[in-house]
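K.L.:
One structure is given below, represented as structure tokens, and several questions about it will come after.
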There are 2 protein chains.
Amino acid sequence: MAIKDLFKSQLQVVNVGLESFRTSLDQAHAPSVQVDWRPPVAVDPKDLKKVQARAEAIDKANAKAAAKLLAAKPFLIGLEKALDVVPGMKEDLILHAGPPITWERMCGPMRGAVMGALVYEGLAQSPEEAAKMAAAGAVKFSPCHEHSAVGPMAGIISASMPVYVLKNEEHGNLGFCTLNEGLGKVLRYGAYAPEVIAKLKWMETTLYPTLKKAVAKLGKIDLKNIIAQALHMGDEVHTRNRAATSLFYRAIAPAVVRTAPDPETAAKVLEFLNGNDHSFLNLSMPASKVSLDAARDVKDSSIVTVMARNGTDFGIQLSATGNEWFTGPAPVPDALYFPGFSKADANPDIGDSAITETAGLGGFAIAAAPAIVQFIGGSASDALDHTRRMYEISVAENSVYQIPGLDFRGSPTGIDVRKVVEKGIFPVIDTGVAHREPGIGQVGAGILSAPPEPFQKALAGLARKLGGKK
Amino acid sequence: MAIKDLFKSQLQVVNVGLESFRTSLDQAHAPSVQVDWRPPVAVDPKDLKKVQARAEAIDKANAKAAAKLLAAKPFLIGLEKALDVVPGMKEDLILHAGPPITWERMCGPMRGAVMGALVYEGLAQSPEEAAKMAAAGAVKFSPCHEHSAVGPMAGIISASMPVYVLKNEEHGNLGFCTLNEGLGKVLRYGAYAPEVIAKLKWMETTLYPTLKKAVAKLGKIDLKNIIAQALHMGDEVHTRNRAATSLFYRAIAPAVVRTAPDPETAAKVLEFLNGNDHSFLNLSMPASKVSLDAARDVKDSSIVTVMARNGTDFGIQLSATGNEWFTGPAPVPDALYFPGFSKADANPDIGDSAITETAGLGGFAIAAAPAIVQFIGGSASDALDHTRRMYEISVAENSVYQIPGLDFRGSPTGIDVRKVVEKGIFPVIDTGVAHREPGIGQVGAGILSAPPEPFQKALAGLARKLGGKK
């Protein structure tokens, strides 16, 4: 073809990388193909070399850690007050989502939830007094994750709150999570109005004792079985929990009826569970937590054991590096915003719920839940693509948690920080978006990529640990 | 290419039609491609010509019939004894699945169920006496479908049996179906042992009054909404009803608790529903029936309004030809048989449950339920293919019943007998397989194609009707 013919022919454009370049082409109605390319994650070449030199030992360690994660058997075994069971819980301690944070650096929704919890506990008479107490250091803060616990959104756990008690029957470790409050004005989104506190009190005095007696009657409930079934029923048990909530409800209802003080109480408790398709989220999260905790502290393992956000920072932990946090700024999700809200209203990503992705559920299993993609914009094949991409950074496939749309292939499980860094593919996380002001609640939902910085730091941390004497 | 080179080159075989020819190629390890081709259905050319000449009128009539089918709004509005509500029900009448049949031609499972029903009603003291009565003509038989009712498998309805009462709130018509008995030895598979009768009595005296009061308290339950959700949750509401049963259970449980005579009764009723993932089948069937009944008797419409099997014959009805049955031998399913059973044990296809396929659910929506294909052998893409093929013979897509795996495309709805005959594509039906002897129960599950004969006859019937004066 002569050069002059080239200018007469239709443009065939392939745009590599930054999608914004393509916008101008679209505006000129020039057809183009977008290639999704990202630069590899910048890490110190010495760290990378050190990690690569130990590849075989790390692979072996990861196989061991992944085997533990996959073998975990999470059961709900009871309900208790946090003070009575959560390790290290104290009356003046507030547990929160994500990595450690001070009152000064806390985002709006988390501050609001702390204020609500102090009023709920009777430690403050008003939200204003609570804020002053918190600012004056009269209350201590600690991440849920450092107490075998997890919490959605703000993730606040205070001493009198009832928690589900989970046991990983394979490895014996316990895990804890509060009960889901439902929709509307709720503490986890930073609301602290009197009706929010009143609902928490109803949960403490009615919901909690009723469910506690029902679970005691049943002995235990197999959550791994429920999650496995729910993945065949359109849930990924993070943003969508309708099937899992249904199966949990079916399992527990007869026992609620038999043990409730009266039929009306039983009916109200069942209606509360039924009225909230997210009821099971507060079970899928600790089920993921007790499974991942079994994979902690495996020498040389580069598997991610925690991904969590406090609304300011995004933090991760690795198996080999134990309780060390690797953090970076939490991103603001590119979500589908509810009418009247935009990204300007959004708080940066918040909550311990990314523990589901860390365990191979949520965004990693989103191919099982195409209804989510439809809700936030996209097609069923986008959902398949998200999950397919996550196999690239995972070390194993879960034989029990399967994806129907991928011919029942096991869900990608066990994030390898090396693969994340080397391939520049970041974990996909399904997420709800909180308003940045406390108490307004959810303003959108979406899918986001975990930010690079925690993974860059974690690789360095892994390199240090490999180099050290332990 | 010279001829001699052809013999040296690798064979490239395309096998058209009978797959058995391909087996020899497979045995010789010769790669080949199978083309799924069937001869067009043999019909009288004069009939075909007559129908083709009226194509425009038929298309218009089908659009009208399909609009009625899609607009239907099935609700559960109550429970009653069959004698009190089913049109034409009498104490000495037994309703059964499929087209009309005599005792002499009845298959084993249907005979067994009739014997059980006569003992249940107290009309016979023993199954043997019941068989003699039936053979002597002391009891009358009629298809459920001729009484606005449907029944799974043998589909037996006798006078004292409780039935769900459904109302199509868009068109005002009612529909009826018995309550699902659960698994194991059950009347619908032809079992009549004392424990079968005892369970039916428990259903009559405990399950029925409890559910009746609960539904009365709720007023009504929107079944279209439950079915739409269930299709997003891995059900096609024929062979798989786990999600729909869960959602129905969630909806009704608080009312059961509030209205039951005591908590233990409420718990037992909930456990019975929970113990049987097919509970909802006996609601998805009449929901399909009241929807299709709205599309009956549309002049010139070639839409199929009934597909039903009595275990001997497979019968269909068309909108334009009203109550006329077009029948042919019921096929024996090529199913996946349970261990210890084979096709030799199988009864020919039986039950009114193909009403779900007729309404665009079941096999027509199997792409929503890939777990079924996995269970009976096959892949998720096979499930997609089955549903895709059904669009070829359907006149509409359901805007409410959607298939997630096909990007929420509406399920193919409204079978056009012309398309079936012209394309040689037969409705795909999800089915359970009964043992040919009464009382043994289910021996397998599978997917089958409806047989050609009823459709051949129906096209001739349509041609006659178009030709006649009406």
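Going by the structure tokens order, chains are called A, B, ..., each with residues numbered from 1, while ligands are numbered from 1 in the order shown.
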Using only C-alpha atoms, determine which residues lie at most 10 Å from Val119 in chain B, disregarding the query and same-chain residues fewer than 5 positions distant; provide the list as a ChimeraX atom specification.
P.N.:
/B:113-114,124-130,192-194,197
K.L.:
Please identify all residues of chain A having at least one atom at most 9 Å from any atom of chain B, considering only C-alpha atoms, and return them as a VMD selection string.
P.N.:
chain A and resid 230 to 235 242 to 243 246 to 247 249 to 251 253 to 260 262 to 264 266 to 271 273 to 274 369 to 371 374 379 to 381 404 to 408
K.L.:
Could you write those residues out with N, CA and C atoms, as a short mmCIF file (atom, residue, chain, number, x, y, z; two decimals), in the first residue's frame?
P.N.:
```cif
data_model
loop_
_atom_site.label_atom_id
_atom_site.label_comp_id
_atom_site.auth_asym_id
_atom_site.auth_seq_id
_atom_site.Cartn_x
_atom_site.Cartn_y
_atom_site.Cartn_z
N ALA A 230 -24.90 -21.01 47.98
CA ALA A 230 -25.26 -19.65 47.56
C ALA A 230 -24.53 -19.25 46.28
N LEU A 231 -23.30 -19.74 46.10
CA LEU A 231 -22.57 -19.45 44.85
C LEU A 231 -23.26 -20.11 43.65
N HIS A 232 -24.02 -21.16 43.89
CA HIS A 232 -24.82 -21.77 42.81
C HIS A 232 -26.14 -21.04 42.64
N MET A 233 -26.37 -20.04 43.47
CA MET A 233 -27.66 -19.36 43.49
C MET A 233 -27.51 -17.85 43.32
N GLY A 234 -26.46 -17.45 42.60
CA GLY A 234 -26.36 -16.04 42.23
C GLY A 234 -25.74 -15.10 43.24
N ASP A 235 -25.23 -15.62 44.35
CA ASP A 235 -24.54 -14.77 45.33
C ASP A 235 -23.04 -14.87 45.15
N ARG A 242 -28.48 -12.62 48.93
CA ARG A 242 -29.89 -12.98 49.00
C ARG A 242 -30.10 -14.49 49.20
N ALA A 243 -29.35 -15.30 48.45
CA ALA A 243 -29.52 -16.76 48.56
C ALA A 243 -28.99 -17.25 49.90
N SER A 246 -31.29 -16.48 52.59
CA SER A 246 -32.45 -17.37 52.51
C SER A 246 -32.15 -18.74 53.12
N LEU A 247 -30.97 -19.27 52.79
CA LEU A 247 -30.63 -20.61 53.27
C LEU A 247 -30.38 -20.59 54.78
N TYR A 249 -31.79 -18.50 56.83
CA TYR A 249 -33.13 -18.30 57.40
C TYR A 249 -33.87 -19.63 57.44
N ARG A 250 -33.81 -20.40 56.36
CA ARG A 250 -34.47 -21.71 56.34
C ARG A 250 -33.92 -22.60 57.43
N ALA A 251 -32.60 -22.54 57.63
CA ALA A 251 -31.97 -23.43 58.61
C ALA A 251 -32.37 -23.06 60.04
N ALA A 253 -35.01 -20.94 61.14
CA ALA A 253 -36.40 -20.56 61.49
C ALA A 253 -37.09 -21.55 62.44
N PRO A 254 -37.06 -22.85 62.15
CA PRO A 254 -37.77 -23.76 63.07
C PRO A 254 -37.23 -23.67 64.50
N ALA A 255 -35.91 -23.51 64.64
CA ALA A 255 -35.33 -23.42 65.99
C ALA A 255 -35.73 -22.10 66.65
N VAL A 256 -35.82 -21.03 65.89
CA VAL A 256 -36.29 -19.75 66.44
C VAL A 256 -37.70 -19.92 66.98
N VAL A 257 -38.55 -20.59 66.20
CA VAL A 257 -39.94 -20.79 66.60
C VAL A 257 -40.01 -21.60 67.89
N ARG A 258 -39.17 -22.62 67.99
CA ARG A 258 -39.23 -23.52 69.16
C ARG A 258 -38.68 -22.87 70.42
N THR A 259 -37.75 -21.91 70.28
CA THR A 259 -37.07 -21.42 71.49
C THR A 259 -37.44 -19.99 71.85
N ALA A 260 -38.14 -19.27 70.96
CA ALA A 260 -38.50 -17.88 71.27
C ALA A 260 -39.46 -17.84 72.45
N ASP A 262 -42.14 -16.21 72.78
CA ASP A 262 -43.52 -16.22 72.31
C ASP A 262 -43.52 -16.10 70.79
N PRO A 263 -44.64 -16.50 70.14
CA PRO A 263 -44.69 -16.49 68.67
C PRO A 263 -44.44 -15.11 68.07
N GLU A 264 -44.93 -14.05 68.70
CA GLU A 264 -44.76 -12.72 68.14
C GLU A 264 -43.28 -12.34 68.09
N ALA A 266 -40.79 -14.47 67.86
CA ALA A 266 -40.23 -15.30 66.79
C ALA A 266 -40.52 -14.67 65.44
N ALA A 267 -41.77 -14.25 65.25
CA ALA A 267 -42.16 -13.67 63.96
C ALA A 267 -41.37 -12.38 63.68
N LYS A 268 -41.20 -11.53 64.71
CA LYS A 268 -40.47 -10.27 64.52
C LYS A 268 -39.00 -10.53 64.15
N VAL A 269 -38.40 -11.51 64.80
CA VAL A 269 -37.00 -11.84 64.52
C VAL A 269 -36.88 -12.37 63.08
N LEU A 270 -37.82 -13.23 62.67
CA LEU A 270 -37.78 -13.77 61.31
C LEU A 270 -38.01 -12.65 60.30
N GLU A 271 -38.91 -11.74 60.60
CA GLU A 271 -39.16 -10.62 59.69
C GLU A 271 -37.92 -9.73 59.57
N LEU A 273 -34.76 -10.68 59.85
CA LEU A 273 -33.81 -11.37 58.97
C LEU A 273 -34.29 -11.33 57.52
N ASN A 274 -35.58 -11.58 57.33
CA ASN A 274 -36.15 -11.62 55.99
C ASN A 274 -36.11 -10.25 55.32
N ALA A 369 -22.34 -14.22 40.26
CA ALA A 369 -23.38 -13.26 40.62
C ALA A 369 -23.53 -12.17 39.57
N PRO A 370 -23.89 -12.57 38.33
CA PRO A 370 -23.95 -11.56 37.26
C PRO A 370 -24.97 -10.45 37.54
N ALA A 371 -25.93 -10.68 38.43
CA ALA A 371 -26.92 -9.65 38.73
C ALA A 371 -26.26 -8.39 39.29
N GLN A 374 -25.02 -6.29 36.41
CA GLN A 374 -26.17 -5.66 35.77
C GLN A 374 -26.58 -4.41 36.57
N SER A 379 -22.12 -6.23 31.75
CA SER A 379 -22.79 -7.42 31.24
C SER A 379 -22.33 -8.64 32.01
N ALA A 380 -23.06 -9.73 31.79
CA ALA A 380 -22.70 -10.99 32.45
C ALA A 380 -21.28 -11.41 32.07
N SER A 381 -20.86 -11.08 30.84
CA SER A 381 -19.52 -11.50 30.44
C SER A 381 -18.44 -10.67 31.15
N PRO A 404 -20.81 -21.58 38.73
CA PRO A 404 -21.59 -22.28 37.70
C PRO A 404 -21.26 -21.81 36.28
N GLY A 405 -21.18 -20.49 36.06
CA GLY A 405 -20.98 -19.93 34.73
C GLY A 405 -19.61 -20.24 34.14
N LEU A 406 -18.69 -20.72 34.97
CA LEU A 406 -17.38 -21.16 34.48
C LEU A 406 -17.30 -22.69 34.56
N ASP A 407 -18.43 -23.31 34.29
CA ASP A 407 -18.52 -24.78 34.37
C ASP A 407 -18.05 -25.32 35.71
N PHE A 408 -18.43 -24.62 36.76
CA PHE A 408 -18.21 -25.07 38.13
C PHE A 408 -16.73 -25.15 38.49
#
```
K.L.:
Residues within 10 Å of Leu70 in chain A, please, as a list of chain:residue names. Count only C-alpha atoms; anything in the same chain fewer than 4 positions from it doesn't count.
P.N.:
A:Ala65, A:Ala66, A:Ser291, A:Leu292, A:Ala294, A:Ala295, A:Ala359, A:Gly360, A:Ala396, A:Glu397, A:Asn398, A:Ser399, A:Val400, A:Tyr401, A:Thr413, A:Gly414
K.L.:
Please provide the set of residues having any atom within 9 Å of Pro438 in chain B, restricted to only C-alpha atoms, with same-chain residues fewer than 6 positions apart removed, written as a PyMOL selection string.
P.N.:
chain B and resi 107-113+189-192
K.L.:
Can I get the selected residues back with C-alpha atoms, as a PDB file, in the first residue's frame?
P.N.:
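In the end it all went to selection-v5.pdb:
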```
ATOM      1  CA  CYS B 107     -48.958 -46.876  33.418  1.00  0.00           C
ATOM      2  CA  GLY B 108     -47.805 -48.468  36.679  1.00  0.00           C
ATOM      3  CA  PRO B 109     -47.022 -45.310  38.671  1.00  0.00           C
ATOM      4  CA  MET B 110     -50.363 -43.702  37.780  1.00  0.00           C
ATOM      5  CA  ARG B 111     -52.287 -46.849  38.712  1.00  0.00           C
ATOM      6  CA  GLY B 112     -50.414 -46.990  42.007  1.00  0.00           C
ATOM      7  CA  ALA B 113     -51.257 -43.366  42.755  1.00  0.00           C
ATOM      8  CA  TYR B 189     -44.494 -41.657  41.973  1.00  0.00           C
ATOM      9  CA  GLY B 190     -47.199 -44.268  42.485  1.00  0.00           C
ATOM     10  CA  ALA B 191     -46.435 -45.307  46.077  1.00  0.00           C
ATOM     11  CA  TYR B 192     -49.460 -46.335  48.182  1.00  0.00           C
TER      12      TYR B 192
END
```
K.L.:
Which residues are close to range 334-336 of chain A, i.e. within 6 Å by only C-alpha atoms, leaving aside same-chain residues fewer than 6 positions away? Reply as a PDB file with N, CA and C atoms, in the first residue's frame.
P.N.:
```pdb
ATOM      1  N   ILE A 376     -24.762  -2.480  38.587  1.00  0.00           N
ATOM      2  CA  ILE A 376     -23.822  -1.361  38.590  1.00  0.00           C
ATOM      3  C   ILE A 376     -23.360  -0.991  37.181  1.00  0.00           C
ATOM      4  N   GLY A 444     -23.926   4.581  46.833  1.00  0.00           N
ATOM      5  CA  GLY A 444     -23.670   3.892  45.573  1.00  0.00           C
ATOM      6  C   GLY A 444     -23.106   2.506  45.810  1.00  0.00           C
ATOM      7  N   ALA A 445     -22.832   1.816  44.707  1.00  0.00           N
ATOM      8  CA  ALA A 445     -22.229   0.486  44.776  1.00  0.00           C
ATOM      9  C   ALA A 445     -21.368   0.315  43.545  1.00  0.00           C
ATOM     10  N   GLY A 446     -20.330  -0.449  43.659  1.00  0.00           N
ATOM     11  CA  GLY A 446     -19.457  -0.609  42.510  1.00  0.00           C
ATOM     12  C   GLY A 446     -18.438  -1.710  42.703  1.00  0.00           C
TER      13      GLY A 446
END
```
K.L.:
Using only C-alpha atoms, pick whichever of A:Met161, A:Leu318, A:Val433, A:Leu48 has the shortest atom-to-atom distance to Pro209 in chain A.
P.N.:
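Between A:Met161, A:Leu318, A:Val433, A:Leu48, the residue approaching Pro209 in chain A most closely is A:Met161.
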K.L.:
Hey, what's within 12 Å of Gly322 in chain B if we count only C-alpha atoms and toss same-chain stuff fewer than 4 positions away? As a list in words, please?
P.N.:
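Contacts, in chain order: His145, Glu146, Leu292, Asp293, Ala294, Ala295, Arg296, Asp297, Val298, Lys299, Asp300, Ser301, Ser302, Ile303, Val304, Thr305, Val306, Ile316, Gln317, Leu318, Phe326, Ala458, Gly461, Leu462, Lys465 and Lys470 of chain B.
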K.L.:
Counting only C-alpha atoms, what is within 9 Å of Leu93 in chain B, bar same-chain residues fewer than 2 positions away, as a PDB file with C-alpha atoms, in the first residue's frame?
P.N.:
```pdb
ATOM      1  CA  GLY B  88     -66.331 -30.175  38.306  1.00  0.00           C
ATOM      2  CA  MET B  89     -64.661 -32.021  41.209  1.00  0.00           C
ATOM      3  CA  LYS B  90     -66.720 -34.910  42.619  1.00  0.00           C
ATOM      4  CA  GLU B  91     -66.240 -37.492  45.346  1.00  0.00           C
ATOM      5  CA  LEU B  95     -57.969 -36.144  38.328  1.00  0.00           C
ATOM      6  CA  VAL B 139     -64.468 -44.360  39.713  1.00  0.00           C
ATOM      7  CA  LYS B 140     -64.206 -41.746  36.975  1.00  0.00           C
ATOM      8  CA  PHE B 141     -61.020 -40.221  35.587  1.00  0.00           C
ATOM      9  CA  SER B 142     -60.384 -36.835  34.070  1.00  0.00           C
ATOM     10  CA  ILE B 157     -56.055 -35.095  42.800  1.00  0.00           C
ATOM     11  CA  SER B 158     -58.917 -36.610  44.787  1.00  0.00           C
ATOM     12  CA  ALA B 159     -61.813 -34.861  46.507  1.00  0.00           C
TER      13      ALA B 159
END
```
K.L.:
Among the residues of range 43-283 of chain A, find those DSSP assigns to strand (DSSP E or B) from the backbone and print them as number ranges by chain.
P.N.:
A: 74-81, 93-96, 140-143, 149, 157, 162-168, 174-178, 221-222
K.L.:
Please produce an output containing N, CA and C atoms for each residue in the selection, written as a tab-separated table (two decimals), in the first residue's frame.
P.N.:
```tsv
chain	number	residue	atom	x	y	z
A	74	PRO	N	-15.68	-23.31	58.44
A	74	PRO	CA	-16.33	-22.32	59.32
A	74	PRO	C	-17.76	-22.73	59.70
A	75	PHE	N	-18.01	-22.75	61.00
A	75	PHE	CA	-19.35	-23.00	61.55
A	75	PHE	C	-19.76	-21.84	62.44
A	76	LEU	N	-21.03	-21.51	62.44
A	76	LEU	CA	-21.59	-20.62	63.46
A	76	LEU	C	-21.88	-21.50	64.67
A	77	ILE	N	-21.27	-21.15	65.81
A	77	ILE	CA	-21.47	-22.01	66.99
A	77	ILE	C	-22.21	-21.29	68.12
A	78	GLY	N	-22.44	-19.98	67.98
A	78	GLY	CA	-23.18	-19.31	69.05
A	78	GLY	C	-23.19	-17.81	68.89
A	79	LEU	N	-23.82	-17.14	69.83
A	79	LEU	CA	-23.80	-15.68	69.89
A	79	LEU	C	-23.49	-15.29	71.32
A	80	GLU	N	-22.68	-14.23	71.48
A	80	GLU	CA	-22.31	-13.75	72.81
A	80	GLU	C	-22.15	-12.24	72.76
A	81	LYS	N	-22.01	-11.60	73.94
A	81	LYS	CA	-21.63	-10.20	73.98
A	81	LYS	C	-20.14	-10.10	73.69
A	93	LEU	N	-12.75	0.16	74.96
A	93	LEU	CA	-12.10	-0.12	73.66
A	93	LEU	C	-13.16	-0.16	72.56
A	94	ILE	N	-12.83	0.49	71.46
A	94	ILE	CA	-13.69	0.44	70.28
A	94	ILE	C	-12.91	-0.22	69.15
A	95	LEU	N	-13.46	-1.31	68.63
A	95	LEU	CA	-12.82	-1.94	67.46
A	95	LEU	C	-13.40	-1.33	66.19
A	96	HIS	N	-12.57	-1.23	65.16
A	96	HIS	CA	-13.00	-0.61	63.90
A	96	HIS	C	-12.47	-1.38	62.70
A	140	LYS	N	-10.02	3.99	73.62
A	140	LYS	CA	-8.94	3.41	72.78
A	140	LYS	C	-9.53	2.80	71.51
A	141	PHE	N	-8.72	2.76	70.48
A	141	PHE	CA	-9.15	2.17	69.21
A	141	PHE	C	-8.21	1.03	68.81
A	142	SER	N	-8.77	0.06	68.16
A	142	SER	CA	-7.95	-1.07	67.67
A	142	SER	C	-8.69	-1.72	66.49
A	143	PRO	N	-7.94	-2.22	65.52
A	143	PRO	CA	-8.61	-2.86	64.37
A	143	PRO	C	-9.30	-4.17	64.78
A	149	ALA	N	-11.67	-10.53	64.67
A	149	ALA	CA	-13.00	-10.07	64.32
A	149	ALA	C	-12.97	-9.31	63.00
A	157	ILE	N	-17.17	-2.28	66.73
A	157	ILE	CA	-17.61	-3.24	67.75
A	157	ILE	C	-17.30	-2.65	69.12
A	162	PRO	N	-23.72	-7.57	70.71
A	162	PRO	CA	-23.72	-9.02	70.48
A	162	PRO	C	-22.93	-9.35	69.22
A	163	VAL	N	-22.24	-10.47	69.26
A	163	VAL	CA	-21.49	-10.93	68.08
A	163	VAL	C	-21.80	-12.39	67.78
A	164	TYR	N	-21.77	-12.72	66.49
A	164	TYR	CA	-21.77	-14.12	66.09
A	164	TYR	C	-20.42	-14.72	66.49
A	165	VAL	N	-20.43	-15.93	67.02
A	165	VAL	CA	-19.19	-16.64	67.34
A	165	VAL	C	-19.03	-17.77	66.32
A	166	LEU	N	-17.93	-17.70	65.56
A	166	LEU	CA	-17.67	-18.74	64.56
A	166	LEU	C	-16.48	-19.57	64.99
A	167	LYS	N	-16.50	-20.83	64.60
A	167	LYS	CA	-15.36	-21.69	64.84
A	167	LYS	C	-14.96	-22.36	63.54
A	168	ASN	N	-13.68	-22.29	63.27
A	168	ASN	CA	-13.12	-23.07	62.16
A	168	ASN	C	-12.85	-24.46	62.72
A	174	LEU	N	-11.29	-19.30	66.46
A	174	LEU	CA	-12.58	-18.63	66.52
A	174	LEU	C	-12.56	-17.31	65.74
A	175	GLY	N	-13.74	-16.81	65.42
A	175	GLY	CA	-13.88	-15.50	64.77
A	175	GLY	C	-15.19	-14.86	65.19
A	176	PHE	N	-15.27	-13.51	65.02
A	176	PHE	CA	-16.41	-12.77	65.55
A	176	PHE	C	-16.86	-11.68	64.59
A	177	CYS	N	-18.16	-11.42	64.59
A	177	CYS	CA	-18.71	-10.31	63.81
A	177	CYS	C	-20.04	-9.89	64.43
A	178	THR	N	-20.32	-8.59	64.37
A	178	THR	CA	-21.62	-8.10	64.85
A	178	THR	C	-22.75	-8.61	63.95
A	221	ILE	N	-24.20	-24.29	62.85
A	221	ILE	CA	-24.69	-24.18	61.47
A	221	ILE	C	-23.48	-24.14	60.53
A	222	ASP	N	-23.51	-25.00	59.52
A	222	ASP	CA	-22.38	-25.16	58.60
A	222	ASP	C	-22.39	-24.02	57.56
```
K.L.:
Mind checking DSSP for range 430-459 of chain A and telling me the alpha helix (DSSP H) residues as a list of chain:residue names?
P.N.:
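Secondary structure check on range 430-459 of chain A, alpha helix (DSSP H): A:Glu453, A:Pro454, A:Phe455, A:Gln456, A:Lys457, A:Ala458, A:Leu459.
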